[in-house]
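*Asks:* Provided herewith: model-v5.cif, mmCIF, C-alpha atoms.
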```cif
data_protein
loop_
_atom_site.label_atom_id
_atom_site.label_comp_id
_atom_site.auth_asym_id
_atom_site.auth_seq_id
_atom_site.Cartn_x
_atom_site.Cartn_y
_atom_site.Cartn_z
CA MET A 231 29.92 6.73 9.66
CA ASP A 232 27.11 8.81 11.14
CA ASP A 233 26.04 7.24 14.43
CA THR A 234 23.00 9.52 14.58
CA ILE A 235 21.32 7.86 11.58
CA ALA A 236 18.88 5.39 13.11
CA PRO A 237 17.25 2.56 11.15
CA PRO A 238 14.03 3.65 9.40
CA ARG A 239 10.71 2.13 10.41
CA LEU A 240 8.01 0.93 7.99
CA THR A 241 8.47 3.82 5.56
CA ARG A 242 7.72 1.62 2.52
CA LEU A 243 4.36 0.38 3.81
CA THR A 244 1.10 2.02 2.79
CA PHE A 245 -1.05 -0.35 4.85
CA HIS A 246 0.30 -2.30 7.82
CA GLY A 247 -0.79 -5.64 6.39
CA PRO A 248 -1.05 -7.67 3.15
CA LEU A 249 -3.55 -5.37 1.45
CA SER A 250 -3.26 -4.13 -2.12
CA GLU A 251 -4.39 -0.75 -3.40
CA ASP A 252 -7.04 -2.42 -5.59
CA ARG A 253 -8.50 -4.51 -2.77
CA ALA A 254 -8.57 -1.54 -0.41
CA ALA A 255 -10.44 0.54 -3.00
CA ARG A 256 -12.99 -2.24 -3.55
CA MET A 257 -13.55 -2.62 0.18
CA ILE A 258 -14.10 1.10 0.61
CA ARG A 259 -16.59 1.19 -2.26
CA ARG A 260 -18.56 -1.66 -0.68
CA LEU A 261 -18.58 0.06 2.70
CA THR A 262 -19.64 3.46 1.38
CA ASP A 263 -21.85 2.63 -1.63
CA ARG A 264 -25.13 2.70 0.28
CA PRO A 265 -28.33 4.78 0.12
CA ALA A 266 -27.85 8.32 1.43
CA HIS A 267 -30.03 7.75 4.49
CA THR A 268 -27.87 4.78 5.54
CA ALA A 269 -24.49 6.31 4.69
CA PRO A 270 -21.96 5.82 7.51
CA THR A 271 -21.18 8.87 9.62
CA THR A 272 -18.81 7.38 12.22
CA VAL A 273 -15.75 5.14 11.88
CA LEU A 274 -13.80 3.37 14.62
CA ASP A 275 -10.42 1.81 13.82
CA ILE A 276 -9.15 -0.71 16.39
CA GLY A 277 -5.36 -1.05 16.46
CA CYS A 278 -5.25 1.62 13.78
CA GLY A 279 -1.50 2.14 13.45
CA TRP A 280 -1.29 5.19 11.19
CA GLY A 281 -4.85 4.59 10.01
CA GLU A 282 -4.35 4.75 6.25
CA PHE A 283 -7.45 2.71 5.44
CA MET A 284 -9.56 4.83 7.80
CA LEU A 285 -8.30 8.06 6.20
CA ARG A 286 -9.17 6.79 2.74
CA LEU A 287 -12.58 5.73 3.98
CA LEU A 288 -13.19 9.23 5.36
CA GLU A 289 -12.08 10.76 2.06
CA GLY A 290 -14.75 8.66 0.36
CA THR A 291 -17.43 9.55 2.91
CA PRO A 292 -17.79 13.35 3.12
CA GLY A 293 -18.88 14.48 6.56
CA ALA A 294 -18.05 11.25 8.37
CA THR A 295 -15.74 11.34 11.38
CA GLY A 296 -13.31 8.76 12.64
CA VAL A 297 -11.45 7.64 15.75
CA GLY A 298 -8.37 5.44 15.64
CA ILE A 299 -6.94 3.82 18.76
CA ASP A 300 -3.51 2.26 19.14
CA LEU A 301 -0.67 2.05 21.65
CA ASN A 302 2.20 2.98 19.31
CA ASP A 303 2.86 6.71 19.61
CA ASP A 304 5.05 6.86 16.48
CA ASP A 305 2.31 5.33 14.33
CA LEU A 306 -0.32 7.64 15.82
CA ALA A 307 1.87 10.67 15.10
CA ARG A 308 2.26 9.50 11.51
CA GLY A 309 -1.51 9.17 11.23
CA ARG A 310 -2.09 12.68 12.60
CA ALA A 311 0.46 14.13 10.18
CA ASN A 312 -1.14 12.32 7.23
CA ALA A 313 -4.59 13.49 8.28
CA LYS A 314 -3.42 17.10 8.48
CA ALA A 315 -1.72 16.91 5.08
CA ARG A 316 -4.94 15.61 3.51
CA GLY A 317 -7.27 18.12 5.14
CA LEU A 318 -8.83 15.54 7.48
CA ALA A 319 -7.46 16.72 10.82
CA GLU A 320 -10.83 18.11 11.94
CA ARG A 321 -12.62 14.86 11.14
CA VAL A 322 -10.39 12.26 12.79
CA ARG A 323 -8.82 11.63 16.17
CA PHE A 324 -5.88 9.33 16.86
CA VAL A 325 -6.03 8.20 20.49
CA GLN A 326 -3.32 6.35 22.42
CA GLU A 327 -5.17 3.80 24.51
CA SER A 328 -5.78 0.10 24.96
CA ALA A 329 -8.70 -1.42 23.07
CA VAL A 330 -9.62 -3.62 26.04
CA ASP A 331 -12.86 -2.24 27.49
CA THR A 332 -12.62 0.76 25.17
CA VAL A 333 -15.19 3.50 25.68
CA GLN A 334 -14.97 4.53 22.03
CA GLY A 335 -17.89 3.77 19.75
CA PRO A 336 -20.31 2.48 18.83
CA ALA A 337 -19.65 3.37 15.18
CA ASP A 338 -21.28 2.77 11.82
CA ILE A 339 -18.08 1.21 10.49
CA VAL A 340 -15.66 -0.63 12.76
CA LEU A 341 -12.26 -1.60 11.36
CA CYS A 342 -10.12 -4.26 13.02
CA PHE A 343 -7.14 -5.28 10.90
CA SER A 344 -5.04 -7.97 12.60
CA ALA A 345 -5.88 -6.45 15.99
CA SER A 346 -8.40 -8.88 17.48
CA HIS A 347 -5.85 -9.79 20.16
CA ALA A 348 -6.07 -6.17 21.39
CA LEU A 349 -9.79 -6.36 22.22
CA SER A 350 -9.63 -8.75 25.17
CA ASN A 351 -7.27 -10.51 27.52
CA ALA A 352 -8.29 -13.92 26.18
CA GLN A 353 -5.49 -16.16 24.95
CA PRO A 354 -5.31 -17.73 21.45
CA PRO A 355 -7.39 -19.19 19.98
CA ASP A 356 -10.16 -17.89 22.27
CA HIS A 357 -9.21 -14.28 21.56
CA THR A 358 -10.94 -14.42 18.17
CA ALA A 359 -14.38 -15.33 19.51
CA ALA A 360 -13.97 -12.83 22.35
CA ALA A 361 -13.04 -10.08 19.90
CA LEU A 362 -16.03 -10.80 17.67
CA HIS A 363 -18.41 -10.37 20.58
CA VAL A 364 -16.78 -7.04 21.44
CA LEU A 365 -17.01 -5.93 17.82
CA ARG A 366 -20.71 -6.81 17.82
CA ARG A 367 -21.15 -4.38 20.71
CA LEU A 368 -19.08 -1.67 19.04
CA VAL A 369 -21.00 -1.52 15.74
CA THR A 370 -24.28 0.35 15.34
CA PRO A 371 -27.43 -1.40 14.02
CA GLY A 372 -27.17 -1.57 10.25
CA GLY A 373 -23.45 -0.85 10.39
CA ARG A 374 -20.50 -2.89 9.15
CA VAL A 375 -17.44 -4.49 10.70
CA LEU A 376 -14.41 -5.07 8.50
CA LEU A 377 -12.29 -7.69 10.23
CA GLY A 378 -8.83 -8.73 9.09
CA GLU A 379 -7.99 -11.96 10.89
CA GLY A 380 -5.34 -14.63 10.55
CA PHE A 381 -6.23 -18.24 9.79
CA TRP A 382 -4.44 -21.43 8.85
CA GLN A 383 -4.64 -22.20 5.16
CA ARG A 384 -3.59 -25.73 6.09
CA PRO A 385 -2.36 -27.30 9.33
CA PRO A 386 1.24 -26.17 9.96
CA THR A 387 3.90 -28.85 10.28
CA PRO A 388 6.07 -29.11 13.41
CA SER A 389 9.07 -27.74 11.49
CA GLU A 390 7.06 -24.77 10.26
CA LEU A 391 5.81 -24.03 13.76
CA SER A 392 9.33 -24.19 15.13
CA ALA A 393 10.38 -21.53 12.61
CA MET A 394 7.59 -19.11 13.61
CA TRP A 395 7.31 -16.89 16.67
CA PRO A 396 8.04 -18.29 20.16
CA GLU A 397 5.39 -20.73 21.40
CA ALA A 398 3.61 -20.82 18.04
CA SER A 399 0.90 -23.47 18.14
CA ALA A 400 -1.31 -25.23 15.62
CA SER A 401 -4.27 -24.28 17.82
CA GLU A 402 -3.44 -20.57 17.68
CA PHE A 403 -5.64 -19.89 14.65
CA HIS A 404 -8.77 -21.38 13.13
CA ASP A 405 -9.28 -22.37 9.52
CA LEU A 406 -11.35 -20.08 7.33
CA SER A 407 -14.64 -21.94 7.65
CA ASP A 408 -14.41 -22.06 11.45
CA LEU A 409 -13.51 -18.35 11.54
CA VAL A 410 -16.66 -17.51 9.59
CA ASP A 411 -18.71 -19.75 11.88
CA LEU A 412 -17.38 -17.82 14.88
CA ALA A 413 -18.51 -14.55 13.30
CA ILE A 414 -22.00 -15.94 12.76
CA ALA A 415 -22.15 -17.23 16.33
CA ALA A 416 -21.23 -13.74 17.57
CA GLY A 417 -24.27 -12.22 15.85
CA PHE A 418 -23.08 -11.34 12.34
CA ARG A 419 -23.84 -12.34 8.78
CA PRO A 420 -20.79 -12.48 6.49
CA ALA A 421 -21.60 -10.12 3.62
CA TRP A 422 -18.23 -10.60 1.97
CA ILE A 423 -15.42 -13.14 2.45
CA GLU A 424 -12.02 -12.64 0.84
CA THR A 425 -8.42 -13.50 1.61
CA ALA A 426 -5.05 -11.87 0.96
CA ASN A 427 -3.30 -13.41 -2.04
CA ASP A 428 0.36 -14.34 -2.52
CA ASP A 429 1.22 -11.05 -4.26
CA GLU A 430 -0.19 -9.07 -1.33
CA TRP A 431 1.75 -11.12 1.19
CA GLU A 432 5.02 -10.82 -0.75
CA HIS A 433 4.58 -7.08 -1.20
CA PHE A 434 3.84 -6.64 2.51
CA GLU A 435 6.71 -8.78 3.76
CA SER A 436 9.22 -7.15 1.41
CA ALA A 437 8.02 -3.62 2.13
CA TYR A 438 8.02 -4.41 5.85
CA GLN A 439 11.81 -4.67 5.81
CA SER A 440 13.14 -3.18 2.58
CA ASP A 441 13.99 0.24 4.03
CA VAL A 442 15.90 -1.39 6.89
CA GLU A 443 17.69 -3.80 4.54
CA GLU A 444 18.92 -0.85 2.46
CA TRP A 445 19.96 0.97 5.64
CA LEU A 446 21.97 -2.07 6.74
CA ALA A 447 23.73 -2.23 3.37
CA ALA A 448 24.70 1.44 3.72
CA HIS A 449 25.59 1.31 7.46
CA PRO A 450 27.11 -2.15 8.14
CA ASP A 451 29.27 -0.87 11.02
CA HIS A 452 26.68 1.34 12.71
CA PRO A 453 26.36 0.70 16.47
CA LEU A 454 22.77 -0.45 15.90
CA ALA A 455 23.56 -2.61 12.87
CA ARG A 456 24.19 -5.91 14.67
CA ASP A 457 20.92 -5.92 16.62
CA THR A 458 19.03 -4.66 13.57
CA ARG A 459 20.47 -7.43 11.37
CA ASP A 460 19.50 -10.04 13.94
CA ARG A 461 15.96 -8.68 14.08
CA VAL A 462 15.32 -8.53 10.33
CA ASP A 463 17.03 -11.87 9.66
CA ARG A 464 14.87 -13.48 12.34
CA HIS A 465 11.69 -12.02 10.89
CA ARG A 466 12.58 -13.05 7.33
CA SER A 467 13.26 -16.59 8.51
CA MET A 468 9.90 -16.70 10.34
CA TRP A 469 8.20 -15.72 7.10
CA LEU A 470 10.04 -17.88 4.57
CA ARG A 471 10.58 -20.96 6.75
CA GLY A 472 7.50 -20.62 8.93
CA TYR A 473 4.18 -19.03 8.03
CA ASN A 474 4.73 -18.38 4.30
CA ARG A 475 1.72 -19.87 2.46
CA VAL A 476 0.61 -21.53 5.71
CA MET A 477 -1.00 -18.60 7.50
CA GLY A 478 -3.62 -16.65 5.59
CA LEU A 479 -5.36 -13.38 6.31
CA ALA A 480 -9.12 -13.20 5.87
CA TYR A 481 -10.97 -9.95 5.28
CA LEU A 482 -14.55 -10.39 6.46
CA THR A 483 -17.20 -7.73 5.91
CA LEU A 484 -19.70 -8.44 8.66
CA VAL A 485 -23.27 -7.17 9.10
CA PRO A 486 -24.77 -7.26 12.61
CA VAL A 487 -28.01 -9.19 12.96
CA ASN A 488 -30.85 -7.06 14.31
#
```
Take the structure in the file and give it back as structure tokens.
*Replies:*
Amino acid sequence: MDDTIAPPRLTRLTFHGPLSEDRAARMIRRLTDRPAHTAPTTVLDIGCGWGEFMLRLLEGTPGATGVGIDLNDDDLARGRANAKARGLAERVRFVQESAVDTVQGPADIVLCFSASHALSNAQPPDHTAAALHVLRRLVTPGGRVLLGEGFWQRPPTPSELSAMWPEASASEFHDLSDLVDLAIAAGFRPAWIETANDDEWEHFESAYQSDVEEWLAAHPDHPLARDTRDRVDRHRSMWLRGYNRVMGLAYLTLVPVN
């Protein structure tokens, strides 16, 4: 047994969320297929992780520059390495900082995938409305915000809530219609409304843990194996017994009202 072999982390994920290659490509086309004089030149990615969507967006928008902010140094390092490998290092910065009161932006395209909680100190469910008002400030006139935000597909049952994360509450998320209403109230028009499908969720949840599951099968007696097993078993139970087909993820393409 090699005690130096640590569990891998998210190596099977392309995007850190339930997002397929086809949907990502369609989103990028919608964001970039605009008249030349209105083509986006700046991109801001809130809670970017390794910023895969932002990098693809920059590849499809020659000359545009991007900034990704996140607190996870490993993810930021992965993003910088990917940018360098794809010839984008001079056009993108990955910055380790909190999104609360960020001085980055405004930008022509603002991305916020499952990171609305990072934009304010408001508690759920108020964090969503607070984040939308911040996003309205961070986007330039005529720009676009692409928001990925959780919502309840139906009210969760008590047993489902008890299987989710600690202190999970039925009030934690809105339903889809209320989420869109919040975006409108914050000064946006919803140009496109779509939601992650079952295949995207299953791919994400499996890819989220598959590298670690294979590591555990190969290293059952590793000093880190017990804690790692507990962690992945707990997450799988949260998904399958808790939020599976209860929590959805909306992708809203939002246009700021002049």
*Asks:* Dig up all the protein and nucleic acid residues within 7 Å of (-2.3, 7.3, 13.4) in the file frame, using all atoms listed in the file, and format them as number ranges by chain.
*Replies:* A: 278-281, 298, 305-310, 324
*Asks:* Kindly save the residues from that selection, with C-alpha atoms included, as a PDB file, keeping the file's coordinate frame.
*Replies:*
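result.pdb, freshly written:
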```pdb
ATOM      1  CA  CYS A 278      -5.250   1.620  13.780  1.00  0.00           C
ATOM      2  CA  GLY A 279      -1.500   2.140  13.450  1.00  0.00           C
ATOM      3  CA  TRP A 280      -1.290   5.190  11.190  1.00  0.00           C
ATOM      4  CA  GLY A 281      -4.850   4.590  10.010  1.00  0.00           C
ATOM      5  CA  GLY A 298      -8.370   5.440  15.640  1.00  0.00           C
ATOM      6  CA  ASP A 305       2.310   5.330  14.330  1.00  0.00           C
ATOM      7  CA  LEU A 306      -0.320   7.640  15.820  1.00  0.00           C
ATOM      8  CA  ALA A 307       1.870  10.670  15.100  1.00  0.00           C
ATOM      9  CA  ARG A 308       2.260   9.500  11.510  1.00  0.00           C
ATOM     10  CA  GLY A 309      -1.510   9.170  11.230  1.00  0.00           C
ATOM     11  CA  ARG A 310      -2.090  12.680  12.600  1.00  0.00           C
ATOM     12  CA  PHE A 324      -5.880   9.330  16.860  1.00  0.00           C
TER      13      PHE A 324
END
```
*Asks:* So, counting all atoms listed in the file, which residue among A:Thr358, A:Ser389, A:Ser399, A:Thr370 is closest to Asp411 (chain A)?
*Replies:*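 Looking only at the distances to Asp411 (chain A), the closest residue turns out to be A:Thr358.
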*Asks:* Leaving out Pro453 (chain A) and any residue of its chain fewer than 2 positions from it, which residues lie within 12 Å of it when counting only C-alpha atoms, given as a ChimeraX atom specification?
*Replies:* /A:231-237,446,449-451,455-459
*Asks:* Of the candidates A:Ala480, A:Leu261, A:His357, A:Ala345, which shows the shortest atom-to-atom distance to Val410 (chain A), using all atoms listed in the file?
*Replies:* A:Ala480
*Asks:* Which one is closest to Ala315 (chain A): A:Leu391, A:Leu409, A:Thr268, A:Leu285? Count only C-alpha atoms.
*Replies:* A:Leu285
*Asks:* Can you measure CA of Glu379 (chain A) to CA of Arg316 (chain A) for me? One decimal in Å is fine.
*Replies:* 28.7 Å
*Asks:* Measuring atom to atom with only C-alpha atoms, identify which of A:Gly472, A:Ser440, A:Glu402, A:Glu435 is nearest to Pro388 (chain A).
*Replies:*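 Using only C-alpha atoms, Pro388 (chain A) sits closest to A:Gly472.
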*Asks:* Evaluate the PyMOL selection byres ((chain A and resi 326-340) around 9) against this structure - the residues, as a ChimeraX atom specification, please.
*Replies:* /A:261,269-277,296-303,306,324-325,341-342,348-351,364-365,367-377
*Asks:* Would you pick out the contacts of region 240-245 of chain A at 7 Å or less, using only C-alpha atoms, so that residues sharing its chain but fewer than 3 positions from it are not included, and give the list as a list of chain:residue names?
*Replies:*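 Listing them by chain and then by number gives A:Leu249, A:Glu282, A:Ala437, A:Tyr438, A:Asp441.
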*Asks:* Please, could you write that set of residues out with C-alpha atoms as a PDB file, keeping the file's coordinate frame?
*Replies:*
```pdb
ATOM      1  CA  LEU A 249      -3.550  -5.370   1.450  1.00  0.00           C
ATOM      2  CA  GLU A 282      -4.350   4.750   6.250  1.00  0.00           C
ATOM      3  CA  ALA A 437       8.020  -3.620   2.130  1.00  0.00           C
ATOM      4  CA  TYR A 438       8.020  -4.410   5.850  1.00  0.00           C
ATOM      5  CA  ASP A 441      13.990   0.240   4.030  1.00  0.00           C
TER       6      ASP A 441
END
```
*Asks:* Given the file above and the PyMOL selection byres ((chain A and resi 416-429) around 6), which residues are selected, and can you give them as a PyMOL selection string?
*Replies:* chain A and resi 362-363+413-415+430-432+479-487
*Asks:* Take the PyMOL selection byres ((chain A and resi 473) around 10), apply it to the structure above, and return the hits as a list in words.
*Replies:*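 Against this file, the PyMOL selection byres ((chain A and resi 473) around 10) returns the residues Trp382, Gln383, Pro386, Glu390, Leu391, Ala393, Met394, Trp395, Ser467, Met468, Trp469, Leu470, Arg471, Gly472, Asn474, Arg475, Val476, Met477 and Gly478 of chain A.
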*Asks:* Quick one: pull the distance between CA of Phe381 (chain A) and CA of Leu406 (chain A), Å, one decimal.
*Replies:* 6.0 Å
*Asks:* Which is closer to Arg259 (chain A) than all the others in A:Pro385, A:Gly378, A:Gly317, A:Gly290, using all atoms listed in the file?
*Replies:*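 Once distances to Arg259 (chain A) are computed over all atoms listed in the file, the minimum belongs to A:Gly290.
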*Asks:* I need the residue nearest Asn312 (chain A) from this list: A:Ala360, A:Glu397, A:Asp460, A:Phe283. Use all atoms listed in the file for the distance.
*Replies:*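 Among the listed residues, A:Phe283 lies closest to Asn312 (chain A).
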*Asks:* Take region 415-428 of chain A, model N, CA, C and O atoms, and hand the result over as a PDB file, keeping the file's coordinate frame.
*Replies:*
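This went into part.pdb:
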```pdb
ATOM      1  N   ALA A 415     -21.762 -16.956  14.948  1.00  0.00           N
ATOM      2  CA  ALA A 415     -22.150 -17.230  16.330  1.00  0.00           C
ATOM      3  C   ALA A 415     -22.135 -15.969  17.187  1.00  0.00           C
ATOM      4  O   ALA A 415     -22.867 -15.874  18.182  1.00  0.00           O
ATOM      5  N   ALA A 416     -21.317 -14.984  16.800  1.00  0.00           N
ATOM      6  CA  ALA A 416     -21.230 -13.740  17.570  1.00  0.00           C
ATOM      7  C   ALA A 416     -22.318 -12.741  17.190  1.00  0.00           C
ATOM      8  O   ALA A 416     -22.402 -11.670  17.788  1.00  0.00           O
ATOM      9  N   GLY A 417     -23.156 -13.093  16.210  1.00  0.00           N
ATOM     10  CA  GLY A 417     -24.270 -12.220  15.850  1.00  0.00           C
ATOM     11  C   GLY A 417     -24.090 -11.443  14.572  1.00  0.00           C
ATOM     12  O   GLY A 417     -24.672 -10.367  14.411  1.00  0.00           O
ATOM     13  N   PHE A 418     -23.303 -11.986  13.634  1.00  0.00           N
ATOM     14  CA  PHE A 418     -23.080 -11.340  12.340  1.00  0.00           C
ATOM     15  C   PHE A 418     -23.535 -12.233  11.196  1.00  0.00           C
ATOM     16  O   PHE A 418     -23.638 -13.454  11.351  1.00  0.00           O
ATOM     17  N   ARG A 419     -23.758 -11.627  10.055  1.00  0.00           N
ATOM     18  CA  ARG A 419     -23.840 -12.340   8.780  1.00  0.00           C
ATOM     19  C   ARG A 419     -22.661 -11.881   7.937  1.00  0.00           C
ATOM     20  O   ARG A 419     -22.355 -10.689   7.873  1.00  0.00           O
ATOM     21  N   PRO A 420     -21.963 -12.832   7.288  1.00  0.00           N
ATOM     22  CA  PRO A 420     -20.790 -12.480   6.490  1.00  0.00           C
ATOM     23  C   PRO A 420     -21.198 -11.992   5.099  1.00  0.00           C
ATOM     24  O   PRO A 420     -21.509 -12.790   4.213  1.00  0.00           O
ATOM     25  N   ALA A 421     -21.190 -10.684   4.907  1.00  0.00           N
ATOM     26  CA  ALA A 421     -21.600 -10.120   3.620  1.00  0.00           C
ATOM     27  C   ALA A 421     -20.540 -10.310   2.547  1.00  0.00           C
ATOM     28  O   ALA A 421     -20.866 -10.337   1.355  1.00  0.00           O
ATOM     29  N   TRP A 422     -19.296 -10.418   2.957  1.00  0.00           N
ATOM     30  CA  TRP A 422     -18.230 -10.600   1.970  1.00  0.00           C
ATOM     31  C   TRP A 422     -17.074 -11.327   2.634  1.00  0.00           C
ATOM     32  O   TRP A 422     -16.680 -10.974   3.752  1.00  0.00           O
ATOM     33  N   ILE A 423     -16.546 -12.353   1.942  1.00  0.00           N
ATOM     34  CA  ILE A 423     -15.420 -13.140   2.450  1.00  0.00           C
ATOM     35  C   ILE A 423     -14.327 -13.125   1.400  1.00  0.00           C
ATOM     36  O   ILE A 423     -14.557 -13.532   0.257  1.00  0.00           O
ATOM     37  N   GLU A 424     -13.152 -12.647   1.771  1.00  0.00           N
ATOM     38  CA  GLU A 424     -12.020 -12.640   0.840  1.00  0.00           C
ATOM     39  C   GLU A 424     -10.742 -12.831   1.633  1.00  0.00           C
ATOM     40  O   GLU A 424     -10.713 -12.649   2.853  1.00  0.00           O
ATOM     41  N   THR A 425      -9.682 -13.226   0.927  1.00  0.00           N
ATOM     42  CA  THR A 425      -8.420 -13.500   1.610  1.00  0.00           C
ATOM     43  C   THR A 425      -7.265 -12.854   0.838  1.00  0.00           C
ATOM     44  O   THR A 425      -7.300 -12.738  -0.391  1.00  0.00           O
ATOM     45  N   ALA A 426      -6.247 -12.444   1.575  1.00  0.00           N
ATOM     46  CA  ALA A 426      -5.050 -11.870   0.960  1.00  0.00           C
ATOM     47  C   ALA A 426      -4.395 -12.916   0.056  1.00  0.00           C
ATOM     48  O   ALA A 426      -4.305 -14.094   0.404  1.00  0.00           O
ATOM     49  N   ASN A 427      -3.934 -12.475  -1.106  1.00  0.00           N
ATOM     50  CA  ASN A 427      -3.300 -13.410  -2.040  1.00  0.00           C
ATOM     51  C   ASN A 427      -1.773 -13.364  -1.891  1.00  0.00           C
ATOM     52  O   ASN A 427      -1.218 -12.578  -1.127  1.00  0.00           O
ATOM     53  N   ASP A 428      -1.094 -14.229  -2.650  1.00  0.00           N
ATOM     54  CA  ASP A 428       0.360 -14.340  -2.520  1.00  0.00           C
ATOM     55  C   ASP A 428       1.059 -13.025  -2.859  1.00  0.00           C
ATOM     56  O   ASP A 428       2.050 -12.653  -2.209  1.00  0.00           O
TER      57      ASP A 428
END
```
